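Engineer: This is my_file_30.txt (compact mmCIF, C-alpha atoms and all ligand atoms).
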# COMPACT_ATOMS: atom_id res chain seq x y z
CA MET A 1 -9.61 -18.42 -0.87
CA ALA A 2 -6.44 -16.74 0.33
CA ASN A 3 -5.07 -14.27 -2.15
CA TYR A 4 -1.83 -13.47 -0.37
CA ASN A 5 1.13 -14.71 1.59
CA TYR A 6 2.85 -12.66 4.26
CA ALA A 7 6.25 -11.77 5.66
CA ILE A 8 7.25 -10.23 8.99
CA THR A 9 9.75 -7.41 8.77
CA LYS A 10 11.13 -4.61 10.94
CA MET A 11 11.18 -1.14 9.39
CA PRO A 12 10.16 2.46 9.98
CA CYS A 13 6.49 3.17 9.33
CA MET A 14 5.98 5.33 6.21
CA ARG A 15 3.11 7.10 8.00
CA CYS A 16 4.22 7.74 11.62
CA GLY A 17 7.95 7.02 11.37
CA ASN A 18 7.87 4.58 14.27
CA ARG A 19 10.18 1.60 13.79
CA ASN A 20 8.31 -1.60 14.50
CA GLU A 21 7.42 -5.03 13.23
CA PHE A 22 5.10 -5.23 10.24
CA GLU A 23 3.09 -8.11 8.89
CA VAL A 24 3.25 -7.47 5.15
CA SER A 25 0.72 -9.12 2.81
CA ILE A 26 2.18 -10.10 -0.56
CA TYR A 27 -0.27 -10.53 -3.42
CA PHE A 28 1.68 -12.80 -5.71
CA GLY A 29 2.49 -16.35 -6.69
CA LYS A 30 0.97 -19.39 -5.05
CA THR A 31 -1.05 -17.77 -2.26
CA THR A 32 -1.94 -19.89 0.75
CA MET A 33 -1.45 -17.33 3.57
CA ALA A 34 1.95 -18.86 4.14
CA GLN A 35 4.54 -16.96 6.18
CA VAL A 36 7.61 -16.35 4.04
CA GLU A 37 10.93 -15.61 5.71
CA MET A 38 13.15 -12.92 4.20
CA GLY A 39 15.93 -14.58 2.23
CA GLN A 40 13.91 -17.75 1.79
CA PRO A 41 12.23 -19.16 -1.35
CA TYR A 42 8.89 -17.53 -2.16
CA PRO A 43 5.96 -19.89 -2.96
CA LEU A 44 5.65 -19.95 -6.75
CA ALA A 45 3.97 -22.15 -9.29
CA PRO A 46 5.88 -25.26 -10.36
CA GLY A 47 8.23 -24.38 -13.21
CA SER A 48 8.77 -20.76 -12.12
CA GLN A 49 10.69 -21.38 -8.87
CA HIS A 50 13.67 -19.35 -10.11
CA LEU A 51 11.71 -16.29 -11.16
CA ASP A 52 12.82 -12.65 -10.83
CA ALA A 53 9.77 -10.54 -10.04
CA THR A 54 8.35 -7.60 -8.17
CA ALA A 55 4.99 -7.96 -6.47
CA GLU A 56 2.40 -5.75 -4.82
CA ALA A 57 2.42 -5.81 -1.04
CA TYR A 58 0.50 -4.00 1.70
CA THR A 59 0.73 -3.42 5.42
CA GLU A 60 -0.87 -1.60 8.34
CA CYS A 61 1.07 -0.12 11.24
CA SER A 62 0.35 -1.44 14.74
CA ASN A 63 1.45 1.92 16.17
CA CYS A 64 -0.61 4.45 14.18
CA GLY A 65 -3.17 2.17 12.54
CA LEU A 66 -2.46 3.68 9.12
CA ASP A 67 -1.35 1.76 6.05
CA PHE A 68 1.04 1.87 3.09
CA ASN A 69 1.93 -0.14 0.02
CA LEU A 70 5.19 -1.92 -0.61
CA THR A 71 6.93 -3.74 -3.41
CA ALA A 72 8.17 -7.26 -2.68
CA VAL A 73 11.34 -8.01 -4.62
CA ILE A 74 11.86 -11.64 -5.57
CA GLU A 75 15.19 -12.64 -7.09
CA LYS A 76 15.72 -16.15 -8.44
CA GLY A 77 12.62 -17.25 -6.53
CA VAL A 78 13.84 -15.85 -3.19
CA LEU A 79 12.15 -13.01 -1.28
CA VAL A 80 15.04 -10.55 -0.90
CA ARG A 81 13.49 -7.17 -0.05
CA LEU A 82 10.33 -5.28 0.86
CA GLU A 83 10.52 -1.71 -0.40
CA PRO A 84 8.00 0.97 0.63
CA ASP A 85 6.02 2.17 -2.38
CA LEU A 86 5.48 5.92 -2.05
CA GLU A 87 3.98 6.34 -5.53
CA ASN A 88 0.78 4.46 -4.79
CA LEU A 89 -1.32 6.24 -2.21
CA PRO A 90 -2.45 4.21 0.81
CA TYR A 91 -6.12 3.40 1.39
CA ILE A 92 -6.46 5.13 4.76
CA PRO A 93 -6.00 8.92 4.66
CA ASP A 94 -4.65 11.02 7.54
CA GLU A 95 -7.71 13.20 7.22
CA ARG A 96 -10.95 13.04 5.27
CA THR A 97 -13.29 15.99 4.93
CA THR A 98 -16.34 16.80 2.87
CA GLY A 99 -17.11 20.20 1.42
CA ASP A 100 -13.70 21.88 1.92
CA ILE A 101 -13.19 22.06 -1.83
CA THR A 102 -15.87 22.55 -4.45
CA CYS A 103 -15.80 19.96 -7.22
CA PRO A 104 -13.88 21.53 -10.15
CA ARG A 105 -16.14 19.80 -12.65
CA CYS A 106 -19.73 20.01 -11.38
CA GLU A 107 -19.27 22.53 -8.53
CA SER A 108 -20.85 20.14 -6.03
CA ALA A 109 -20.11 21.14 -2.44
CA GLU A 110 -20.03 17.47 -1.42
CA ALA A 111 -16.61 16.55 -2.82
CA VAL A 112 -14.60 14.32 -0.46
CA VAL A 113 -11.02 15.42 0.20
CA SER A 114 -8.59 12.80 1.53
CA LYS A 115 -5.24 14.06 2.80
CA PHE A 116 -2.10 11.93 2.92
CA LYS A 117 0.61 13.76 4.82
CA GLY A 118 4.32 13.17 5.47
CA ASN A 119 6.03 10.97 2.88
CA PHE A 120 3.05 11.19 0.55
CA SER A 121 2.22 14.92 0.65
CA ARG A 122 -0.78 14.50 -1.62
CA TYR A 123 -4.52 14.76 -1.43
CA THR A 124 -7.30 13.38 -3.53
CA ILE A 125 -10.60 14.97 -4.51
CA HIS A 126 -13.45 12.58 -5.11
CA CYS A 127 -16.86 13.87 -6.19
CA LYS A 128 -19.76 11.51 -5.59
CA GLN A 129 -22.03 13.58 -7.84
CA CYS A 130 -20.09 13.43 -11.09
CA ARG A 131 -17.40 10.87 -10.15
CA TYR A 132 -14.60 13.38 -10.70
CA PHE A 133 -11.34 12.11 -9.17
CA SER A 134 -7.93 13.73 -9.01
CA THR A 135 -4.71 13.59 -7.03
CA GLU A 136 -2.86 16.80 -6.15
CA ARG A 137 0.31 17.76 -4.26
CA LEU A 138 -0.28 19.06 -0.73
ZN ZN A 201 2.74 4.05 11.82
ZN ZN A 202 -18.41 16.79 -9.37
Would it be possible to restate this file's structure as structure tokens?
Ligand SMILES: [Zn+2]
Ligand SMILES: [Zn+2]

Structural biologist:
Amino acid sequence: MANYNYAITKMPCMRCGNRNEFEVSIYFGKTTMAQVEMGQPYPLAPGSQHLDATAEAYTECSNCGLDFNLTAVIEKGVLVRLEPDLENLPYIPDERTTGDITCPRCESAEAVVSKFKGNFSRYTIHCKQCRYFSTERL
């Protein structure tokens, strides 16, 4: 079962800065993997065709292979904008290392550090031993 629709848009990549075409998955509404044009009605359930909403969206860059989240803005049932979401960290880090930082909770030397550079300037620490997880500024 498809759980998204998609839109094609041109914008700068939030990871590498390269301006190119993105296929953006939108996880909202009546999802049938339909391509939705910007400025056109977004597929919604009957009775809510004139909805104002924001929806989670996601894309990967064809230039750098990295990803980022977006917010799809729907006004009166029409897809009007795709805004990069810099608050939610992407799934794919710029760099992932193990053992650089000792887990602050259990002192395991196996904590995984994922770095997100550029626009995100944050890193996460994830300890597999005690399941400690935190996000810090780079
Ligand atoms: Zn990129
Ligand atoms: Zn730990």

Engineer: All residues within 9 Å of ligand ZN 201 (chain A) are required, counting all atoms listed in the file; please report them as JSON, numbers by chain.

Structural biologist: {"A": [12, 13, 14, 15, 16, 17, 18, 19, 20, 60, 61, 62, 63, 64, 65, 66, 67]}

Engineer: Could the residues that lie within 12 Å of ligand ZN 202 (chain A), counting all atoms listed in the file, be listed as a compact mmCIF listing (two decimals) with C-alpha atoms, keeping the file's coordinate frame?

Structural biologist:
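Heads up, here's the output in part-v5.txt:
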# COMPACT_ATOMS: atom_id res chain seq x y z
CA GLY A 99 -17.11 20.20 1.42
CA ILE A 101 -13.19 22.06 -1.83
CA THR A 102 -15.87 22.55 -4.45
CA CYS A 103 -15.80 19.96 -7.22
CA PRO A 104 -13.88 21.53 -10.15
CA ARG A 105 -16.14 19.80 -12.65
CA CYS A 106 -19.73 20.01 -11.38
CA GLU A 107 -19.27 22.53 -8.53
CA SER A 108 -20.85 20.14 -6.03
CA ALA A 109 -20.11 21.14 -2.44
CA GLU A 110 -20.03 17.47 -1.42
CA ALA A 111 -16.61 16.55 -2.82
CA VAL A 112 -14.60 14.32 -0.46
CA ILE A 125 -10.60 14.97 -4.51
CA HIS A 126 -13.45 12.58 -5.11
CA CYS A 127 -16.86 13.87 -6.19
CA LYS A 128 -19.76 11.51 -5.59
CA GLN A 129 -22.03 13.58 -7.84
CA CYS A 130 -20.09 13.43 -11.09
CA ARG A 131 -17.40 10.87 -10.15
CA TYR A 132 -14.60 13.38 -10.70
CA PHE A 133 -11.34 12.11 -9.17
CA SER A 134 -7.93 13.73 -9.01

Engineer: Determine the nearest neighbour of Pro93 (chain A) from the options A:Arg81, A:Lys76, A:Arg137, A:Lys117, counting only C-alpha atoms.

Structural biologist: A:Lys117

Engineer: From the options A:Thr54, A:Asn88, A:Val80, A:Asp94, which residue's atoms come nearest to Gly118 (chain A), counting all atoms listed in the file?

Structural biologist: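 Closest residue, counting all atoms listed in the file: A:Asp94.
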
Engineer: Of the candidates A:Leu44, A:Ile26, A:Leu82, A:Ala55, which one gets nearest to Met11 (chain A) if we count only C-alpha atoms?

Structural biologist: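 Looking at the shortest contact to Met11 (chain A), the residue is A:Leu82.
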
Engineer: Quote the spacing between CA of Leu86 (chain A) and CA of Val73 (chain A) in Å to one decimal place.

Structural biologist: 15.3 Å
